[in-house]
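Visitor: Enclosed is the structure file final.pdb (PDB, C-alpha atoms, pLDDT in the B column).
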ATOM      1  CA  GLY A   1       2.006 -46.770 -43.353  1.00 68.00           C
ATOM      2  CA  CYS A   2      -0.350 -45.204 -40.882  1.00 80.00           C
ATOM      3  CA  ASN A   3      -4.083 -45.041 -40.281  1.00 89.00           C
ATOM      4  CA  ALA A   4      -6.232 -42.537 -42.168  1.00 93.00           C
ATOM      5  CA  THR A   5      -8.504 -42.069 -39.156  1.00 94.00           C
ATOM      6  CA  LEU A   6      -7.033 -40.771 -35.908  1.00 94.00           C
ATOM      7  CA  SER A   7      -8.326 -39.723 -32.507  1.00 93.00           C
ATOM      8  CA  TYR A   8      -7.557 -36.324 -31.013  1.00 92.00           C
ATOM      9  CA  MET A   9      -4.962 -37.955 -28.750  1.00 92.00           C
ATOM     10  CA  ASP A  10      -3.371 -39.756 -31.727  1.00 92.00           C
ATOM     11  CA  VAL A  11      -2.899 -36.449 -33.562  1.00 93.00           C
ATOM     12  CA  ILE A  12      -1.596 -34.597 -30.502  1.00 91.00           C
ATOM     13  CA  GLY A  13       0.678 -37.550 -29.698  1.00 90.00           C
ATOM     14  CA  ILE A  14       2.212 -37.500 -33.179  1.00 89.00           C
ATOM     15  CA  ILE A  15       2.742 -33.735 -33.049  1.00 89.00           C
ATOM     16  CA  SER A  16       4.073 -33.932 -29.481  1.00 86.00           C
ATOM     17  CA  THR A  17       6.928 -36.205 -30.524  1.00 78.00           C
ATOM     18  CA  GLN A  18       8.461 -33.049 -32.019  1.00 72.00           C
ATOM     19  CA  GLN A  19       6.853 -30.434 -29.765  1.00 68.00           C
ATOM     20  CA  SER A  20       6.228 -30.873 -26.033  1.00 72.00           C
ATOM     21  CA  ASP A  21       4.106 -27.738 -25.418  1.00 81.00           C
ATOM     22  CA  ILE A  22       0.402 -28.748 -25.638  1.00 83.00           C
ATOM     23  CA  ASP A  23      -0.679 -25.211 -26.648  1.00 86.00           C
ATOM     24  CA  VAL A  24       1.766 -25.244 -29.562  1.00 90.00           C
ATOM     25  CA  SER A  25       0.673 -28.772 -30.494  1.00 90.00           C
ATOM     26  CA  GLU A  26      -2.979 -27.648 -30.613  1.00 91.00           C
ATOM     27  CA  LYS A  27      -2.019 -24.653 -32.782  1.00 93.00           C
ATOM     28  CA  ILE A  28      -0.198 -26.999 -35.167  1.00 94.00           C
ATOM     29  CA  MET A  29      -3.278 -29.209 -35.254  1.00 94.00           C
ATOM     30  CA  GLY A  30      -5.352 -26.125 -36.081  1.00 95.00           C
ATOM     31  CA  LEU A  31      -3.043 -25.367 -38.991  1.00 96.00           C
ATOM     32  CA  LEU A  32      -3.327 -28.950 -40.263  1.00 97.00           C
ATOM     33  CA  LEU A  33      -7.109 -28.535 -40.212  1.00 97.00           C
ATOM     34  CA  TRP A  34      -6.939 -25.106 -41.872  1.00 96.00           C
ATOM     35  CA  TYR A  35      -4.708 -26.291 -44.720  1.00 97.00           C
ATOM     36  CA  GLY A  36      -6.880 -29.357 -45.331  1.00 97.00           C
ATOM     37  CA  PHE A  37      -4.315 -31.989 -44.382  1.00 97.00           C
ATOM     38  CA  LEU A  38      -6.706 -33.064 -41.623  1.00 97.00           C
ATOM     39  CA  GLY A  39     -10.468 -33.165 -41.651  1.00 97.00           C
ATOM     40  CA  ILE A  40     -13.063 -34.460 -39.235  1.00 97.00           C
ATOM     41  CA  LYS A  41     -15.296 -37.516 -39.245  1.00 96.00           C
ATOM     42  CA  THR A  42     -18.415 -36.822 -37.209  1.00 93.00           C
ATOM     43  CA  SER A  43     -20.284 -39.314 -35.066  1.00 91.00           C
ATOM     44  CA  SER A  44     -22.772 -39.736 -37.943  1.00 93.00           C
ATOM     45  CA  GLY A  45     -19.900 -40.769 -40.254  1.00 92.00           C
ATOM     46  CA  ASP A  46     -19.760 -37.558 -42.308  1.00 94.00           C
ATOM     47  CA  VAL A  47     -16.247 -36.561 -43.380  1.00 96.00           C
ATOM     48  CA  LYS A  48     -15.692 -32.805 -43.637  1.00 97.00           C
ATOM     49  CA  PHE A  49     -12.671 -30.674 -44.457  1.00 98.00           C
ATOM     50  CA  ILE A  50     -12.201 -26.921 -44.111  1.00 98.00           C
ATOM     51  CA  TYR A  51     -13.324 -26.358 -47.711  1.00 97.00           C
ATOM     52  CA  ASN A  52     -16.716 -27.876 -46.802  1.00 97.00           C
ATOM     53  CA  PHE A  53     -17.098 -24.882 -44.476  1.00 97.00           C
ATOM     54  CA  ASN A  54     -15.951 -22.354 -47.120  1.00 97.00           C
ATOM     55  CA  TYR A  55     -12.695 -21.983 -45.168  1.00 95.00           C
ATOM     56  CA  ASN A  56     -14.583 -20.641 -42.148  1.00 96.00           C
ATOM     57  CA  LYS A  57     -12.566 -22.022 -39.219  1.00 94.00           C
ATOM     58  CA  ASN A  58     -15.202 -20.830 -36.731  1.00 95.00           C
ATOM     59  CA  LEU A  59     -17.812 -23.101 -38.355  1.00 96.00           C
ATOM     60  CA  LEU A  60     -15.401 -26.046 -38.316  1.00 96.00           C
ATOM     61  CA  ASP A  61     -14.518 -25.364 -34.680  1.00 95.00           C
ATOM     62  CA  GLY A  62     -18.229 -25.184 -33.860  1.00 95.00           C
ATOM     63  CA  VAL A  63     -18.838 -28.659 -35.287  1.00 95.00           C
ATOM     64  CA  ILE A  64     -15.826 -29.989 -33.390  1.00 95.00           C
ATOM     65  CA  LYS A  65     -17.140 -28.478 -30.154  1.00 94.00           C
ATOM     66  CA  LYS A  66     -20.694 -29.732 -30.826  1.00 94.00           C
ATOM     67  CA  GLU A  67     -19.424 -33.280 -31.332  1.00 91.00           C
ATOM     68  CA  ASN A  68     -17.967 -33.097 -27.796  1.00 87.00           C
ATOM     69  CA  GLY A  69     -15.159 -35.583 -28.416  1.00 82.00           C
ATOM     70  CA  ASN A  70     -17.290 -37.992 -30.469  1.00 89.00           C
ATOM     71  CA  LEU A  71     -15.382 -37.444 -33.679  1.00 93.00           C
ATOM     72  CA  SER A  72     -12.249 -38.641 -35.368  1.00 95.00           C
ATOM     73  CA  TYR A  73      -9.709 -36.782 -37.435  1.00 96.00           C
ATOM     74  CA  VAL A  74      -8.963 -37.976 -40.952  1.00 97.00           C
ATOM     75  CA  ILE A  75      -5.998 -37.447 -43.239  1.00 96.00           C
ATOM     76  CA  HIS A  76      -6.993 -36.104 -46.656  1.00 96.00           C
ATOM     77  CA  GLU A  77      -6.870 -38.800 -49.330  1.00 95.00           C
ATOM     78  CA  ALA A  78      -4.426 -36.750 -51.447  1.00 95.00           C
ATOM     79  CA  PHE A  79      -1.723 -37.591 -48.880  1.00 94.00           C
ATOM     80  CA  TRP A  80      -2.467 -41.310 -48.642  1.00 94.00           C
ATOM     81  CA  PRO A  81       0.052 -42.516 -51.257  1.00 92.00           C
ATOM     82  CA  VAL A  82       3.042 -40.801 -49.667  1.00 93.00           C
ATOM     83  CA  LEU A  83       1.971 -41.958 -46.191  1.00 91.00           C
ATOM     84  CA  MET A  84       1.302 -45.487 -47.534  1.00 90.00           C
ATOM     85  CA  ILE A  85      -2.298 -45.460 -46.312  1.00 91.00           C
ATOM     86  CA  THR A  86      -4.586 -48.019 -47.903  1.00 81.00           C
ATOM     87  CA  GLY A  87      -8.233 -48.867 -47.364  1.00 73.00           C
ATOM     88  CA  ASP A  88     -11.213 -46.738 -46.484  1.00 72.00           C
ATOM     89  CA  LEU A  89     -11.984 -44.018 -43.982  1.00 66.00           C
TER      90      LEU A  89
END
Just give me the structure as structure tokens.
Guide:
Amino acid sequence: GCNATLSYMDVIGIISTQQSDIDVSEKIMGLLLWYGFLGIKTSSGDVKFIYNFNYNKNLLDGVIKKENGNLSYVIHEAFWPVLMITGDL
């Protein structure tokens, strides 16, 4: 399995194994956030997905920018069984 909580570099590293262009990797990461596969875990421990922002990507991006690198990315629990993730966020 894999971890449910990932750093920015973890996510980009996983994407980059298939795609070497960092701009494309960041766009793919944006799509994973938009479709709810990935969410964010803020420095206060709150876990938020795009639907918590009423699918407003600008609001989500604003929180990401405000956190200034002090957040983690989380895989939505619906995908945990197929990725063999166990435990908590």
Visitor: Can you work out which one of A:Ile40, A:Glu26, A:Lys57, A:Gly69 has the shortest atom-to-atom distance to Gly13 (chain A), counting only C-alpha atoms?
Guide: A:Glu26
Visitor: Report as a PyMOL selection string all protein, DNA and RNA residues lying within 12 Å of Ser25 (chain A), evaluated on only C-alpha atoms, omitting residues in the same chain fewer than 2 positions from it.
Guide: chain A and resi 8-23+27-32
Visitor: Which residue gives the smallest distance to Gly39 (chain A) among A:Ile64, A:Cys2, A:Val82, A:Ile75, with only C-alpha atoms counted?
Guide: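 Answer, going by the shortest atom-to-atom distance: A:Ile75.
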Visitor: For Ala78 (chain A), please output as a ChimeraX atom specification all residues within 12 Å (counting all atoms listed in the file; exclusion window: fewer than 3 positions along the same chain).
Guide: /A:4,36-38,74-75,81-86
Visitor: Only C-alpha atoms, please: the residues just picked out, written as a PDB file, keeping the file's coordinate frame.
Guide:
ATOM      1  CA  ALA A   4      -6.232 -42.537 -42.168  1.00 93.00           C
ATOM      2  CA  GLY A  36      -6.880 -29.357 -45.331  1.00 97.00           C
ATOM      3  CA  PHE A  37      -4.315 -31.989 -44.382  1.00 97.00           C
ATOM      4  CA  LEU A  38      -6.706 -33.064 -41.623  1.00 97.00           C
ATOM      5  CA  VAL A  74      -8.963 -37.976 -40.952  1.00 97.00           C
ATOM      6  CA  ILE A  75      -5.998 -37.447 -43.239  1.00 96.00           C
ATOM      7  CA  PRO A  81       0.052 -42.516 -51.257  1.00 92.00           C
ATOM      8  CA  VAL A  82       3.042 -40.801 -49.667  1.00 93.00           C
ATOM      9  CA  LEU A  83       1.971 -41.958 -46.191  1.00 91.00           C
ATOM     10  CA  MET A  84       1.302 -45.487 -47.534  1.00 90.00           C
ATOM     11  CA  ILE A  85      -2.298 -45.460 -46.312  1.00 91.00           C
ATOM     12  CA  THR A  86      -4.586 -48.019 -47.903  1.00 81.00           C
TER      13      THR A  86
END
Visitor: When you look at Ser43 (chain A) with a cut-off of 12 Å (counting all atoms listed in the file), what residues show up, excluding the ones that are within fewer than 6 positions of it in the same chain? I need them as a compact mmCIF listing (two decimals) with C-alpha atoms, keeping the file's coordinate frame.
Guide:
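See around00.txt below for the written result:
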# COMPACT_ATOMS: atom_id res chain seq x y z
CA VAL A 63 -18.84 -28.66 -35.29
CA ILE A 64 -15.83 -29.99 -33.39
CA LYS A 66 -20.69 -29.73 -30.83
CA GLU A 67 -19.42 -33.28 -31.33
CA ASN A 68 -17.97 -33.10 -27.80
CA GLY A 69 -15.16 -35.58 -28.42
CA ASN A 70 -17.29 -37.99 -30.47
CA LEU A 71 -15.38 -37.44 -33.68
CA SER A 72 -12.25 -38.64 -35.37
CA TYR A 73 -9.71 -36.78 -37.44
Visitor: For the atom pair CA of Lys65 (chain A) and CA of Val24 (chain A), what is the interatomic distance in Å to one decimal place?
Guide: 19.2 Å
Visitor: Once 3 Å is added on each side, what are the centre and the three edge lengths, in Å to one decimal, of the axis-aligned box enclosing the listed atoms of region 72-81 of chain A? Present them as JSON.
Guide:
{"center_x": -6.1, "center_y": -39.3, "center_z": -43.4, "size_x": 18.3, "size_y": 12.4, "size_z": 22.1}
Visitor: Between CA of Thr5 (chain A) and CA of Lys41 (chain A), what is the spacing in Å?
Guide: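 Going from CA of Lys41 (chain A) over to CA of Thr5 (chain A), I get 8.2 Å.
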Visitor: To one decimal place, how far is CA of Asn3 (chain A) from CA of Trp34 (chain A) in Å?
Guide: 20.2 Å
Visitor: Reconstruct N, CA, C and O atoms of region 56-67 of chain A; output as a PDB file, keeping the file's coordinate frame.
Guide:
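The resulting file, result22.pdb, is reproduced below:
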ATOM      1  N   ASN A  56     -14.190 -21.344 -43.371  1.00 96.00           N
ATOM      2  CA  ASN A  56     -14.583 -20.641 -42.148  1.00 96.00           C
ATOM      3  C   ASN A  56     -14.210 -21.521 -40.959  1.00 96.00           C
ATOM      4  O   ASN A  56     -14.922 -22.465 -40.622  1.00 96.00           O
ATOM      5  N   LYS A  57     -13.085 -21.214 -40.333  1.00 94.00           N
ATOM      6  CA  LYS A  57     -12.566 -22.022 -39.219  1.00 94.00           C
ATOM      7  C   LYS A  57     -13.521 -22.009 -38.032  1.00 94.00           C
ATOM      8  O   LYS A  57     -13.624 -22.993 -37.304  1.00 94.00           O
ATOM      9  N   ASN A  58     -14.244 -20.897 -37.840  1.00 95.00           N
ATOM     10  CA  ASN A  58     -15.202 -20.830 -36.731  1.00 95.00           C
ATOM     11  C   ASN A  58     -16.308 -21.870 -36.890  1.00 95.00           C
ATOM     12  O   ASN A  58     -16.742 -22.470 -35.904  1.00 95.00           O
ATOM     13  N   LEU A  59     -16.796 -22.074 -38.118  1.00 96.00           N
ATOM     14  CA  LEU A  59     -17.812 -23.101 -38.355  1.00 96.00           C
ATOM     15  C   LEU A  59     -17.259 -24.496 -38.078  1.00 96.00           C
ATOM     16  O   LEU A  59     -17.916 -25.323 -37.434  1.00 96.00           O
ATOM     17  N   LEU A  60     -16.044 -24.756 -38.564  1.00 96.00           N
ATOM     18  CA  LEU A  60     -15.401 -26.046 -38.316  1.00 96.00           C
ATOM     19  C   LEU A  60     -15.216 -26.265 -36.817  1.00 96.00           C
ATOM     20  O   LEU A  60     -15.556 -27.328 -36.291  1.00 96.00           O
ATOM     21  N   ASP A  61     -14.715 -25.252 -36.133  1.00 95.00           N
ATOM     22  CA  ASP A  61     -14.518 -25.364 -34.680  1.00 95.00           C
ATOM     23  C   ASP A  61     -15.839 -25.588 -33.959  1.00 95.00           C
ATOM     24  O   ASP A  61     -15.895 -26.313 -32.955  1.00 95.00           O
ATOM     25  N   GLY A  62     -16.915 -24.987 -34.465  1.00 95.00           N
ATOM     26  CA  GLY A  62     -18.229 -25.184 -33.860  1.00 95.00           C
ATOM     27  C   GLY A  62     -18.691 -26.627 -33.967  1.00 95.00           C
ATOM     28  O   GLY A  62     -19.249 -27.181 -33.014  1.00 95.00           O
ATOM     29  N   VAL A  63     -18.468 -27.249 -35.117  1.00 95.00           N
ATOM     30  CA  VAL A  63     -18.838 -28.659 -35.287  1.00 95.00           C
ATOM     31  C   VAL A  63     -17.991 -29.529 -34.372  1.00 95.00           C
ATOM     32  O   VAL A  63     -18.505 -30.456 -33.731  1.00 95.00           O
ATOM     33  N   ILE A  64     -16.711 -29.223 -34.283  1.00 95.00           N
ATOM     34  CA  ILE A  64     -15.826 -29.989 -33.390  1.00 95.00           C
ATOM     35  C   ILE A  64     -16.313 -29.888 -31.955  1.00 95.00           C
ATOM     36  O   ILE A  64     -16.412 -30.889 -31.239  1.00 95.00           O
ATOM     37  N   LYS A  65     -16.661 -28.679 -31.530  1.00 94.00           N
ATOM     38  CA  LYS A  65     -17.140 -28.478 -30.154  1.00 94.00           C
ATOM     39  C   LYS A  65     -18.477 -29.184 -29.940  1.00 94.00           C
ATOM     40  O   LYS A  65     -18.699 -29.818 -28.911  1.00 94.00           O
ATOM     41  N   LYS A  66     -19.371 -29.102 -30.921  1.00 94.00           N
ATOM     42  CA  LYS A  66     -20.694 -29.732 -30.826  1.00 94.00           C
ATOM     43  C   LYS A  66     -20.580 -31.244 -30.688  1.00 94.00           C
ATOM     44  O   LYS A  66     -21.345 -31.876 -29.975  1.00 94.00           O
ATOM     45  N   GLU A  67     -19.622 -31.829 -31.381  1.00 91.00           N
ATOM     46  CA  GLU A  67     -19.424 -33.280 -31.332  1.00 91.00           C
ATOM     47  C   GLU A  67     -18.916 -33.739 -29.966  1.00 91.00           C
ATOM     48  O   GLU A  67     -18.995 -34.921 -29.642  1.00 91.00           O
TER      49      GLU A  67
END
